[in-house]
>>> print(open('work_18.pdb').read())   # PDB, C-alpha atoms, pLDDT in the B column
ATOM      1  CA  MET A  56      18.888 -11.174  -4.369  1.00 38.00           C
ATOM      2  CA  THR A  57      20.789 -10.438  -1.153  1.00 41.00           C
ATOM      3  CA  SER A  58      19.410  -6.890  -1.117  1.00 48.00           C
ATOM      4  CA  GLY A  59      15.836  -8.181  -1.510  1.00 48.00           C
ATOM      5  CA  PHE A  60      16.318 -10.718   1.269  1.00 43.00           C
ATOM      6  CA  SER A  61      17.813  -8.032   3.516  1.00 62.00           C
ATOM      7  CA  ARG A  62      14.792  -5.781   2.950  1.00 58.00           C
ATOM      8  CA  LEU A  63      12.408  -8.621   3.747  1.00 54.00           C
ATOM      9  CA  ARG A  64      14.359  -9.517   6.875  1.00 82.00           C
ATOM     10  CA  ARG A  65      14.317  -5.858   7.964  1.00 82.00           C
ATOM     11  CA  GLU A  66      10.524  -5.666   7.458  1.00 85.00           C
ATOM     12  CA  ASP A  67      10.068  -8.857   9.513  1.00 88.00           C
ATOM     13  CA  LEU A  68      12.212  -7.411  12.312  1.00 91.00           C
ATOM     14  CA  LEU A  69      10.219  -4.167  12.350  1.00 92.00           C
ATOM     15  CA  LYS A  70       6.898  -6.033  12.417  1.00 90.00           C
ATOM     16  CA  THR A  71       8.117  -8.147  15.348  1.00 93.00           C
ATOM     17  CA  ALA A  72       9.452  -5.052  17.126  1.00 92.00           C
ATOM     18  CA  CYS A  73       6.023  -3.396  16.815  1.00 90.00           C
ATOM     19  CA  GLU A  74       4.316  -6.457  18.298  1.00 89.00           C
ATOM     20  CA  VAL A  75       6.729  -6.664  21.251  1.00 92.00           C
ATOM     21  CA  ILE A  76       6.610  -2.907  21.950  1.00 90.00           C
ATOM     22  CA  ALA A  77       2.790  -2.909  21.769  1.00 86.00           C
ATOM     23  CA  GLU A  78       2.699  -5.710  24.341  1.00 87.00           C
ATOM     24  CA  ARG A  79       5.422  -4.456  26.710  1.00 89.00           C
ATOM     25  CA  GLY A  80       5.583  -0.720  26.033  1.00 86.00           C
ATOM     26  CA  PHE A  81       8.581   1.333  24.911  1.00 85.00           C
ATOM     27  CA  GLY A  82       9.851   1.718  28.480  1.00 85.00           C
ATOM     28  CA  HIS A  83       9.816  -2.018  29.253  1.00 89.00           C
ATOM     29  CA  THR A  84      11.019  -3.412  25.938  1.00 92.00           C
ATOM     30  CA  ARG A  85      14.655  -4.496  25.656  1.00 93.00           C
ATOM     31  CA  THR A  86      16.428  -5.260  22.413  1.00 93.00           C
ATOM     32  CA  ILE A  87      16.950  -8.817  23.676  1.00 93.00           C
ATOM     33  CA  ASP A  88      13.135  -9.186  23.905  1.00 94.00           C
ATOM     34  CA  ILE A  89      12.762  -8.230  20.252  1.00 93.00           C
ATOM     35  CA  ALA A  90      15.703 -10.392  19.178  1.00 92.00           C
ATOM     36  CA  ARG A  91      14.245 -13.445  20.960  1.00 92.00           C
ATOM     37  CA  ALA A  92      10.769 -12.864  19.500  1.00 93.00           C
ATOM     38  CA  ALA A  93      12.283 -12.558  16.016  1.00 90.00           C
ATOM     39  CA  GLY A  94      14.577 -15.561  16.474  1.00 90.00           C
ATOM     40  CA  VAL A  95      17.745 -13.559  15.759  1.00 90.00           C
ATOM     41  CA  SER A  96      20.755 -12.303  17.690  1.00 90.00           C
ATOM     42  CA  GLN A  97      21.007  -8.848  19.224  1.00 89.00           C
ATOM     43  CA  ALA A  98      24.044  -8.341  16.994  1.00 90.00           C
ATOM     44  CA  LEU A  99      21.831  -8.671  13.912  1.00 87.00           C
ATOM     45  CA  LEU A 100      19.394  -6.113  15.333  1.00 87.00           C
ATOM     46  CA  PHE A 101      22.199  -3.632  15.903  1.00 88.00           C
ATOM     47  CA  TYR A 102      23.634  -4.383  12.457  1.00 86.00           C
ATOM     48  CA  HIS A 103      20.337  -3.247  10.924  1.00 85.00           C
ATOM     49  CA  PHE A 104      19.389  -0.423  13.315  1.00 88.00           C
ATOM     50  CA  GLU A 105      22.595   0.663  15.164  1.00 86.00           C
ATOM     51  CA  THR A 106      20.888   1.762  18.396  1.00 88.00           C
ATOM     52  CA  LYS A 107      17.832   0.913  20.481  1.00 88.00           C
ATOM     53  CA  ASP A 108      16.355   4.394  19.888  1.00 84.00           C
ATOM     54  CA  ARG A 109      16.827   3.985  16.136  1.00 86.00           C
ATOM     55  CA  LEU A 110      15.153   0.576  16.225  1.00 89.00           C
ATOM     56  CA  PHE A 111      12.171   1.980  18.141  1.00 87.00           C
ATOM     57  CA  ALA A 112      11.844   4.948  15.796  1.00 85.00           C
ATOM     58  CA  GLN A 113      12.037   2.697  12.729  1.00 87.00           C
ATOM     59  CA  ALA A 114       9.476   0.300  14.219  1.00 89.00           C
ATOM     60  CA  PHE A 115       7.053   3.155  14.788  1.00 85.00           C
ATOM     61  CA  THR A 116       7.760   4.443  11.262  1.00 86.00           C
ATOM     62  CA  TYR A 117       6.877   0.982   9.950  1.00 87.00           C
ATOM     63  CA  ALA A 118       3.579   0.998  11.885  1.00 85.00           C
ATOM     64  CA  ALA A 119       2.866   4.558  10.725  1.00 83.00           C
ATOM     65  CA  ARG A 120       3.465   3.531   7.120  1.00 84.00           C
ATOM     66  CA  GLN A 121       0.798   0.800   7.399  1.00 83.00           C
ATOM     67  CA  HIS A 122      -1.695   3.374   8.713  1.00 83.00           C
ATOM     68  CA  LEU A 123      -0.756   5.850   5.969  1.00 84.00           C
ATOM     69  CA  HIS A 124      -1.504   3.194   3.336  1.00 87.00           C
ATOM     70  CA  SER A 125      -4.983   2.801   4.838  1.00 86.00           C
ATOM     71  CA  LEU A 126      -5.505   6.572   4.747  1.00 88.00           C
ATOM     72  CA  GLU A 127      -4.411   6.640   1.095  1.00 89.00           C
ATOM     73  CA  HIS A 128      -7.011   3.969   0.241  1.00 90.00           C
ATOM     74  CA  ILE A 129      -9.713   6.135   1.833  1.00 92.00           C
ATOM     75  CA  GLU A 130      -8.507   9.207  -0.110  1.00 87.00           C
ATOM     76  CA  GLU A 131      -8.569   7.305  -3.403  1.00 88.00           C
ATOM     77  CA  ALA A 132     -11.944   5.617  -2.758  1.00 88.00           C
ATOM     78  CA  LYS A 133     -14.752   6.432  -5.181  1.00 88.00           C
ATOM     79  CA  GLY A 134     -17.509   6.597  -2.573  1.00 91.00           C
ATOM     80  CA  THR A 135     -19.436   9.622  -1.362  1.00 96.00           C
ATOM     81  CA  PRO A 136     -17.997  11.802   1.443  1.00 97.00           C
ATOM     82  CA  LEU A 137     -20.377  10.095   3.886  1.00 96.00           C
ATOM     83  CA  GLU A 138     -19.186   6.643   2.824  1.00 96.00           C
ATOM     84  CA  ARG A 139     -15.551   7.675   3.149  1.00 95.00           C
ATOM     85  CA  LEU A 140     -16.269   9.235   6.549  1.00 96.00           C
ATOM     86  CA  ARG A 141     -17.800   5.954   7.738  1.00 94.00           C
ATOM     87  CA  THR A 142     -14.679   4.085   6.572  1.00 93.00           C
ATOM     88  CA  LEU A 143     -12.340   6.558   8.269  1.00 93.00           C
ATOM     89  CA  LEU A 144     -14.243   6.442  11.568  1.00 93.00           C
ATOM     90  CA  ARG A 145     -14.239   2.641  11.437  1.00 90.00           C
ATOM     91  CA  LEU A 146     -10.479   2.609  10.772  1.00 87.00           C
ATOM     92  CA  SER A 147      -9.827   5.067  13.606  1.00 87.00           C
ATOM     93  CA  SER A 148     -12.245   3.579  16.128  1.00 88.00           C
ATOM     94  CA  PRO A 149     -10.679   2.699  19.491  1.00 86.00           C
ATOM     95  CA  ALA A 150     -13.674   0.481  20.308  1.00 79.00           C
ATOM     96  CA  ILE A 151     -11.791  -2.669  19.337  1.00 70.00           C
ATOM     97  CA  PRO A 152      -8.542  -3.005  21.326  1.00 61.00           C
ATOM     98  CA  THR A 153      -5.644  -3.394  18.906  1.00 68.00           C
ATOM     99  CA  GLU A 154      -1.893  -3.478  19.227  1.00 70.00           C
ATOM    100  CA  GLY A 155      -1.868  -0.503  16.840  1.00 77.00           C
ATOM    101  CA  TRP A 156      -3.633   1.729  19.345  1.00 84.00           C
ATOM    102  CA  ARG A 157      -1.412   0.509  22.224  1.00 83.00           C
ATOM    103  CA  LEU A 158       1.683   1.294  20.177  1.00 85.00           C
ATOM    104  CA  TRP A 159       0.295   4.699  19.159  1.00 85.00           C
ATOM    105  CA  ILE A 160      -0.600   5.737  22.731  1.00 87.00           C
ATOM    106  CA  ASP A 161       2.780   4.613  24.051  1.00 87.00           C
ATOM    107  CA  ALA A 162       4.517   6.492  21.233  1.00 86.00           C
ATOM    108  CA  TRP A 163       2.712   9.708  22.222  1.00 87.00           C
ATOM    109  CA  SER A 164       4.151   9.353  25.700  1.00 86.00           C
ATOM    110  CA  GLU A 165       7.662   8.617  24.431  1.00 84.00           C
ATOM    111  CA  ALA A 166       7.422  11.484  21.919  1.00 86.00           C
ATOM    112  CA  MET A 167       7.734  13.965  24.788  1.00 87.00           C
ATOM    113  CA  ARG A 168      11.309  12.709  25.265  1.00 85.00           C
ATOM    114  CA  ASN A 169      12.253  11.413  21.812  1.00 83.00           C
ATOM    115  CA  SER A 170      12.376  13.953  18.977  1.00 85.00           C
ATOM    116  CA  GLU A 171      12.330  11.267  16.279  1.00 82.00           C
ATOM    117  CA  LEU A 172       9.131   9.710  17.630  1.00 84.00           C
ATOM    118  CA  GLU A 173       7.619  13.182  18.082  1.00 89.00           C
ATOM    119  CA  GLU A 174       8.258  14.030  14.433  1.00 88.00           C
ATOM    120  CA  ILE A 175       6.812  10.733  13.170  1.00 86.00           C
ATOM    121  CA  SER A 176       3.696  10.876  15.372  1.00 86.00           C
ATOM    122  CA  ARG A 177       3.085  14.538  14.490  1.00 90.00           C
ATOM    123  CA  ARG A 178       3.380  13.777  10.761  1.00 88.00           C
ATOM    124  CA  LEU A 179       0.956  10.855  10.977  1.00 87.00           C
ATOM    125  CA  ASP A 180      -1.489  12.843  13.102  1.00 90.00           C
ATOM    126  CA  SER A 181      -1.353  15.708  10.600  1.00 93.00           C
ATOM    127  CA  ARG A 182      -2.019  13.325   7.709  1.00 91.00           C
ATOM    128  CA  GLY A 183      -5.108  11.936   9.424  1.00 92.00           C
ATOM    129  CA  ARG A 184      -6.437  15.459   9.971  1.00 95.00           C
ATOM    130  CA  LEU A 185      -5.868  16.357   6.319  1.00 95.00           C
ATOM    131  CA  VAL A 186      -7.821  13.305   5.156  1.00 95.00           C
ATOM    132  CA  LEU A 187     -10.758  13.977   7.494  1.00 96.00           C
ATOM    133  CA  ARG A 188     -10.851  17.685   6.657  1.00 97.00           C
ATOM    134  CA  ALA A 189     -10.861  16.908   2.915  1.00 96.00           C
ATOM    135  CA  ILE A 190     -13.796  14.512   3.413  1.00 97.00           C
ATOM    136  CA  ILE A 191     -15.719  17.135   5.391  1.00 98.00           C
ATOM    137  CA  GLU A 192     -15.010  19.850   2.803  1.00 98.00           C
ATOM    138  CA  ALA A 193     -16.133  17.543  -0.017  1.00 97.00           C
ATOM    139  CA  GLY A 194     -19.308  16.750   1.926  1.00 97.00           C
ATOM    140  CA  VAL A 195     -20.033  20.448   2.454  1.00 98.00           C
ATOM    141  CA  SER A 196     -19.440  21.175  -1.242  1.00 97.00           C
ATOM    142  CA  CYS A 197     -21.913  18.529  -2.400  1.00 97.00           C
ATOM    143  CA  GLY A 198     -24.475  19.391   0.292  1.00 97.00           C
ATOM    144  CA  GLU A 199     -24.088  16.143   2.228  1.00 97.00           C
ATOM    145  CA  PHE A 200     -22.721  17.921   5.341  1.00 98.00           C
ATOM    146  CA  LYS A 201     -23.359  21.292   6.984  1.00 97.00           C
ATOM    147  CA  CYS A 202     -20.226  22.603   8.661  1.00 98.00           C
ATOM    148  CA  ASP A 203     -19.038  26.214   8.994  1.00 97.00           C
ATOM    149  CA  ASP A 204     -15.494  25.358  10.084  1.00 98.00           C
ATOM    150  CA  PRO A 205     -14.185  22.003   8.731  1.00 98.00           C
ATOM    151  CA  ASP A 206     -10.773  22.532  10.335  1.00 98.00           C
ATOM    152  CA  ALA A 207     -12.197  23.040  13.840  1.00 98.00           C
ATOM    153  CA  SER A 208     -14.596  20.109  13.398  1.00 98.00           C
ATOM    154  CA  THR A 209     -11.691  17.918  12.299  1.00 98.00           C
ATOM    155  CA  TRP A 210      -9.737  18.788  15.442  1.00 98.00           C
ATOM    156  CA  ARG A 211     -12.715  18.154  17.720  1.00 98.00           C
ATOM    157  CA  ILE A 212     -13.670  14.802  16.154  1.00 97.00           C
ATOM    158  CA  LEU A 213     -10.137  13.421  16.205  1.00 96.00           C
ATOM    159  CA  ALA A 214      -9.471  14.781  19.705  1.00 96.00           C
ATOM    160  CA  LEU A 215     -12.499  12.807  20.897  1.00 96.00           C
ATOM    161  CA  VAL A 216     -11.301   9.658  19.106  1.00 95.00           C
ATOM    162  CA  ASP A 217      -7.812  10.003  20.637  1.00 94.00           C
ATOM    163  CA  GLY A 218      -9.187  10.692  24.112  1.00 94.00           C
ATOM    164  CA  LEU A 219     -11.524   7.702  23.966  1.00 94.00           C
ATOM    165  CA  ALA A 220      -8.647   5.533  22.741  1.00 91.00           C
ATOM    166  CA  ILE A 221      -6.658   6.408  25.860  1.00 90.00           C
ATOM    167  CA  GLN A 222      -9.663   5.741  28.099  1.00 90.00           C
ATOM    168  CA  THR A 223     -10.525   2.395  26.509  1.00 89.00           C
ATOM    169  CA  HIS A 224      -6.939   1.114  26.603  1.00 86.00           C
ATOM    170  CA  ALA A 225      -5.962   2.491  30.015  1.00 84.00           C
ATOM    171  CA  HIS A 226      -9.343   1.679  31.622  1.00 87.00           C
ATOM    172  CA  PRO A 227     -10.811  -1.129  29.486  1.00 82.00           C
ATOM    173  CA  LYS A 228     -13.819  -1.778  31.739  1.00 84.00           C
ATOM    174  CA  VAL A 229     -15.090   1.809  31.913  1.00 88.00           C
ATOM    175  CA  LEU A 230     -16.745   2.046  28.481  1.00 88.00           C
ATOM    176  CA  THR A 231     -18.333  -0.606  26.300  1.00 89.00           C
ATOM    177  CA  ARG A 232     -17.434  -0.825  22.614  1.00 87.00           C
ATOM    178  CA  ARG A 233     -21.000   0.117  21.734  1.00 90.00           C
ATOM    179  CA  LYS A 234     -20.793   3.256  23.929  1.00 93.00           C
ATOM    180  CA  VAL A 235     -17.452   4.308  22.407  1.00 93.00           C
ATOM    181  CA  ASN A 236     -18.800   4.007  18.864  1.00 92.00           C
ATOM    182  CA  MET A 237     -22.006   5.797  19.836  1.00 94.00           C
ATOM    183  CA  LEU A 238     -20.054   8.734  21.351  1.00 96.00           C
ATOM    184  CA  ILE A 239     -17.937   9.089  18.207  1.00 96.00           C
ATOM    185  CA  ARG A 240     -20.894   8.825  15.806  1.00 95.00           C
ATOM    186  CA  THR A 241     -22.977  11.288  17.824  1.00 97.00           C
ATOM    187  CA  ALA A 242     -20.164  13.860  18.019  1.00 97.00           C
ATOM    188  CA  ALA A 243     -19.246  13.559  14.329  1.00 97.00           C
ATOM    189  CA  ALA A 244     -22.916  13.806  13.306  1.00 97.00           C
ATOM    190  CA  ALA A 245     -23.402  16.934  15.425  1.00 97.00           C
ATOM    191  CA  GLU A 246     -20.325  18.541  13.845  1.00 98.00           C
ATOM    192  CA  LEU A 247     -21.556  17.798  10.335  1.00 98.00           C
ATOM    193  CA  GLY A 248     -25.289  18.430  10.662  1.00 97.00           C
ATOM    194  CA  ILE A 249     -26.346  14.860   9.945  1.00 97.00           C
ATOM    195  CA  SER A 250     -28.165  12.116  11.863  1.00 95.00           C
ATOM    196  CA  PRO A 251     -25.976   9.751  13.943  1.00 93.00           C
ATOM    197  CA  GLU A 252     -27.915   6.838  12.413  1.00 93.00           C
ATOM    198  CA  THR A 253     -26.344   7.594   9.016  1.00 93.00           C
ATOM    199  CA  LEU A 254     -22.917   6.807  10.457  1.00 90.00           C
TER     200      LEU A 254
END
>>> encode(input="work_18.pdb", output="structure tokens")
Amino acid sequence: MTSGFSRLRREDLLKTACEVIAERGFGHTRTIDIARAAGVSQALLFYHFETKDRLFAQAFTYAARQHLHSLEHIEEAKGTPLERLRTLLRLSSPAIPTEGWRLWIDAWSEAMRNSELEEISRRLDSRGRLVLRAIIEAGVSCGEFKCDDPDASTWRILALVDGLAIQTHAHPKVLTRRKVNMLIRTAAAAELGISPETL
């Protein structure tokens, strides 16, 4: 019973930490900010996570785990490669500002100085590429897509998504949501030999 409660409390703390970090950024978030938002003492935070760096790494791991669950659902879906591609592009779209994207972009920056965050972000990024590449390969196999190099197309599509995410969150008035989605659909369609309208 105590163990179950402790796990739930830990999950709540990590969820709150993600929300505070997404709002303030890694560099401007203090443990006291997270403790206040969670309604607990700093001592309890340090009891669970030992250090600020460990708390931040665990919070990002928690956020990454939520995204990995979404990727797993796409992998296990019964739809056609095109249907799964649509779902993946919708999930990854930076057109709608979310705390997830803010956290992810900030984590990239911190990853240059924090080896734990670098390892987590690299693993999640790699997983996303594997899912997209598998969808493209399945689409090529069944004749739905035409693509000579699924690996290169995967890199180019996701690089565009990541770049547009940075632009839309750092400069929110530069691109409309419609334009962002259009750029992604057009690029993905060109890579896979299909019409943008199908996406």
>>> resolve_selection(input="work_18.pdb", expression="the PyMOL selection byres ((chain A and resi 237-253) around 12)", output="PyMOL selection string")
chain A and resi 136-138+140-141+143-145+147-150+187-188+190-195+198-220+230-236+254
>>> write_last_selection(input="work_18.pdb", atoms="C-alpha atoms", output="mmCIF file, in the frame of the given file")
data_model
loop_
_atom_site.group_PDB
_atom_site.id
_atom_site.type_symbol
_atom_site.label_atom_id
_atom_site.label_comp_id
_atom_site.auth_asym_id
_atom_site.auth_seq_id
_atom_site.Cartn_x
_atom_site.Cartn_y
_atom_site.Cartn_z
ATOM 1 C CA PRO A 136 -17.997 11.802 1.443
ATOM 2 C CA LEU A 137 -20.377 10.095 3.886
ATOM 3 C CA GLU A 138 -19.186 6.643 2.824
ATOM 4 C CA LEU A 140 -16.269 9.235 6.549
ATOM 5 C CA ARG A 141 -17.800 5.954 7.738
ATOM 6 C CA LEU A 143 -12.340 6.558 8.269
ATOM 7 C CA LEU A 144 -14.243 6.442 11.568
ATOM 8 C CA ARG A 145 -14.239 2.641 11.437
ATOM 9 C CA SER A 147 -9.827 5.067 13.606
ATOM 10 C CA SER A 148 -12.245 3.579 16.128
ATOM 11 C CA PRO A 149 -10.679 2.699 19.491
ATOM 12 C CA ALA A 150 -13.674 0.481 20.308
ATOM 13 C CA LEU A 187 -10.758 13.977 7.494
ATOM 14 C CA ARG A 188 -10.851 17.685 6.657
ATOM 15 C CA ILE A 190 -13.796 14.512 3.413
ATOM 16 C CA ILE A 191 -15.719 17.135 5.391
ATOM 17 C CA GLU A 192 -15.010 19.850 2.803
ATOM 18 C CA ALA A 193 -16.133 17.543 -0.017
ATOM 19 C CA GLY A 194 -19.308 16.750 1.926
ATOM 20 C CA VAL A 195 -20.033 20.448 2.454
ATOM 21 C CA GLY A 198 -24.475 19.391 0.292
ATOM 22 C CA GLU A 199 -24.088 16.143 2.228
ATOM 23 C CA PHE A 200 -22.721 17.921 5.341
ATOM 24 C CA LYS A 201 -23.359 21.292 6.984
ATOM 25 C CA CYS A 202 -20.226 22.603 8.661
ATOM 26 C CA ASP A 203 -19.038 26.214 8.994
ATOM 27 C CA ASP A 204 -15.494 25.358 10.084
ATOM 28 C CA PRO A 205 -14.185 22.003 8.731
ATOM 29 C CA ASP A 206 -10.773 22.532 10.335
ATOM 30 C CA ALA A 207 -12.197 23.040 13.840
ATOM 31 C CA SER A 208 -14.596 20.109 13.398
ATOM 32 C CA THR A 209 -11.691 17.918 12.299
ATOM 33 C CA TRP A 210 -9.737 18.788 15.442
ATOM 34 C CA ARG A 211 -12.715 18.154 17.720
ATOM 35 C CA ILE A 212 -13.670 14.802 16.154
ATOM 36 C CA LEU A 213 -10.137 13.421 16.205
ATOM 37 C CA ALA A 214 -9.471 14.781 19.705
ATOM 38 C CA LEU A 215 -12.499 12.807 20.897
ATOM 39 C CA VAL A 216 -11.301 9.658 19.106
ATOM 40 C CA ASP A 217 -7.812 10.003 20.637
ATOM 41 C CA GLY A 218 -9.187 10.692 24.112
ATOM 42 C CA LEU A 219 -11.524 7.702 23.966
ATOM 43 C CA ALA A 220 -8.647 5.533 22.741
ATOM 44 C CA LEU A 230 -16.745 2.046 28.481
ATOM 45 C CA THR A 231 -18.333 -0.606 26.300
ATOM 46 C CA ARG A 232 -17.434 -0.825 22.614
ATOM 47 C CA ARG A 233 -21.000 0.117 21.734
ATOM 48 C CA LYS A 234 -20.793 3.256 23.929
ATOM 49 C CA VAL A 235 -17.452 4.308 22.407
ATOM 50 C CA ASN A 236 -18.800 4.007 18.864
ATOM 51 C CA LEU A 254 -22.917 6.807 10.457
#
>>> resolve_selection(input="work_18.pdb", expression="the PyMOL selection byres ((chain A and resi 173) around 12)", output="PyMOL selection string")
chain A and resi 112+115-116+159+161-172+174-181
>>> residues_near_point(input="work_18.pdb", point="(7.1, -9.3, 21.2)", cutoff="7 Å", atoms="all atoms listed in the file", output="mmCIF file with C-alpha atoms, in the coordinates of the input")
data_model
loop_
_atom_site.group_PDB
_atom_site.id
_atom_site.type_symbol
_atom_site.label_atom_id
_atom_site.label_comp_id
_atom_site.auth_asym_id
_atom_site.auth_seq_id
_atom_site.Cartn_x
_atom_site.Cartn_y
_atom_site.Cartn_z
ATOM 1 C CA THR A 71 8.117 -8.147 15.348
ATOM 2 C CA ALA A 72 9.452 -5.052 17.126
ATOM 3 C CA GLU A 74 4.316 -6.457 18.298
ATOM 4 C CA VAL A 75 6.729 -6.664 21.251
ATOM 5 C CA ILE A 76 6.610 -2.907 21.950
ATOM 6 C CA GLU A 78 2.699 -5.710 24.341
ATOM 7 C CA ASP A 88 13.135 -9.186 23.905
ATOM 8 C CA ILE A 89 12.762 -8.230 20.252
ATOM 9 C CA ALA A 92 10.769 -12.864 19.500
#
>>> atom_distance(input="work_18.pdb", atom1="CA of Ile221 (chain A)", atom2="CA of Phe81 (chain A)")
16.1 Å
>>> resolve_selection(input="work_18.pdb", expression="the PyMOL selection byres ((chain A and resi 107-110) around 9)", output="count of residues only")
17
>>> axis_aligned_box(input="work_18.pdb", around="region 166-182 of chain A", padding_each_side="4 Å", output="lines of an AutoDock Vina configuration file")
center_x = 5.2
center_y = 12.7
center_z = 16.5
size_x = 22.4
size_y = 14.0
size_z = 25.6
>>> atom_distance(input="work_18.pdb", atom1="CA of Val186 (chain A)", atom2="CA of Ala118 (chain A)")
18.1 Å
>>> closest_residue(input="work_18.pdb", among="A:Leu158, A:Ala189, A:Gln121, A:Leu68", to="Tyr102 (chain A)", atoms="only C-alpha atoms")
A:Leu68
>>> atom_distance(input="work_18.pdb", atom1="CA of His128 (chain A)", atom2="CA of Ala77 (chain A)")
24.6 Å
>>> closest_residue(input="work_18.pdb", among="A:Tyr117, A:Ala98, A:Ile87, A:Thr223", to="Asp67 (chain A)", atoms="only C-alpha atoms")
A:Tyr117
>>> decode(input="work_18.pdb", residues="region 186-203 of chain A", atoms="N, CA and C atoms", output="PDB file, in the first residue's frame")
ATOM      1  N   VAL A 186      10.207   4.294 -35.893  1.00  0.00           N
ATOM      2  CA  VAL A 186       8.776   4.139 -36.182  1.00  0.00           C
ATOM      3  C   VAL A 186       8.454   4.687 -37.568  1.00  0.00           C
ATOM      4  N   LEU A 187       8.950   5.899 -37.871  1.00  0.00           N
ATOM      5  CA  LEU A 187       8.664   6.495 -39.178  1.00  0.00           C
ATOM      6  C   LEU A 187       9.285   5.669 -40.298  1.00  0.00           C
ATOM      7  N   ARG A 188      10.518   5.226 -40.110  1.00  0.00           N
ATOM      8  CA  ARG A 188      11.168   4.435 -41.163  1.00  0.00           C
ATOM      9  C   ARG A 188      10.409   3.131 -41.423  1.00  0.00           C
ATOM     10  N   ALA A 189       9.926   2.492 -40.346  1.00  0.00           N
ATOM     11  CA  ALA A 189       9.163   1.247 -40.511  1.00  0.00           C
ATOM     12  C   ALA A 189       7.869   1.502 -41.282  1.00  0.00           C
ATOM     13  N   ILE A 190       7.226   2.628 -41.029  1.00  0.00           N
ATOM     14  CA  ILE A 190       5.993   2.978 -41.758  1.00  0.00           C
ATOM     15  C   ILE A 190       6.311   3.187 -43.235  1.00  0.00           C
ATOM     16  N   ILE A 191       7.396   3.917 -43.502  1.00  0.00           N
ATOM     17  CA  ILE A 191       7.772   4.169 -44.905  1.00  0.00           C
ATOM     18  C   ILE A 191       8.107   2.859 -45.612  1.00  0.00           C
ATOM     19  N   GLU A 192       8.879   2.002 -44.962  1.00  0.00           N
ATOM     20  CA  GLU A 192       9.266   0.719 -45.570  1.00  0.00           C
ATOM     21  C   GLU A 192       8.041  -0.148 -45.845  1.00  0.00           C
ATOM     22  N   ALA A 193       7.089  -0.141 -44.904  1.00  0.00           N
ATOM     23  CA  ALA A 193       5.853  -0.916 -45.111  1.00  0.00           C
ATOM     24  C   ALA A 193       5.065  -0.349 -46.290  1.00  0.00           C
ATOM     25  N   GLY A 194       5.043   0.983 -46.402  1.00  0.00           N
ATOM     26  CA  GLY A 194       4.338   1.624 -47.506  1.00  0.00           C
ATOM     27  C   GLY A 194       4.976   1.333 -48.846  1.00  0.00           C
ATOM     28  N   VAL A 195       6.301   1.267 -48.874  1.00  0.00           N
ATOM     29  CA  VAL A 195       7.022   0.922 -50.112  1.00  0.00           C
ATOM     30  C   VAL A 195       6.722  -0.531 -50.486  1.00  0.00           C
ATOM     31  N   SER A 196       6.737  -1.405 -49.500  1.00  0.00           N
ATOM     32  CA  SER A 196       6.505  -2.838 -49.748  1.00  0.00           C
ATOM     33  C   SER A 196       5.126  -3.108 -50.337  1.00  0.00           C
ATOM     34  N   CYS A 197       4.118  -2.362 -49.861  1.00  0.00           N
ATOM     35  CA  CYS A 197       2.760  -2.620 -50.362  1.00  0.00           C
ATOM     36  C   CYS A 197       2.402  -1.724 -51.551  1.00  0.00           C
ATOM     37  N   GLY A 198       3.353  -0.893 -51.988  1.00  0.00           N
ATOM     38  CA  GLY A 198       3.117  -0.057 -53.165  1.00  0.00           C
ATOM     39  C   GLY A 198       2.413   1.256 -52.884  1.00  0.00           C
ATOM     40  N   GLU A 199       2.219   1.571 -51.600  1.00  0.00           N
ATOM     41  CA  GLU A 199       1.531   2.815 -51.249  1.00  0.00           C
ATOM     42  C   GLU A 199       2.474   4.025 -51.393  1.00  0.00           C
ATOM     43  N   PHE A 200       3.767   3.809 -51.123  1.00  0.00           N
ATOM     44  CA  PHE A 200       4.769   4.872 -51.241  1.00  0.00           C
ATOM     45  C   PHE A 200       5.826   4.495 -52.269  1.00  0.00           C
ATOM     46  N   LYS A 201       6.494   5.509 -52.817  1.00  0.00           N
ATOM     47  CA  LYS A 201       7.662   5.303 -53.674  1.00  0.00           C
ATOM     48  C   LYS A 201       8.813   6.053 -53.025  1.00  0.00           C
ATOM     49  N   CYS A 202       9.798   5.307 -52.550  1.00  0.00           N
ATOM     50  CA  CYS A 202      10.909   5.936 -51.829  1.00  0.00           C
ATOM     51  C   CYS A 202      12.136   5.050 -51.960  1.00  0.00           C
ATOM     52  N   ASP A 203      13.212   5.586 -52.550  1.00  0.00           N
ATOM     53  CA  ASP A 203      14.433   4.806 -52.758  1.00  0.00           C
ATOM     54  C   ASP A 203      15.266   4.654 -51.489  1.00  0.00           C
TER      55      ASP A 203
END
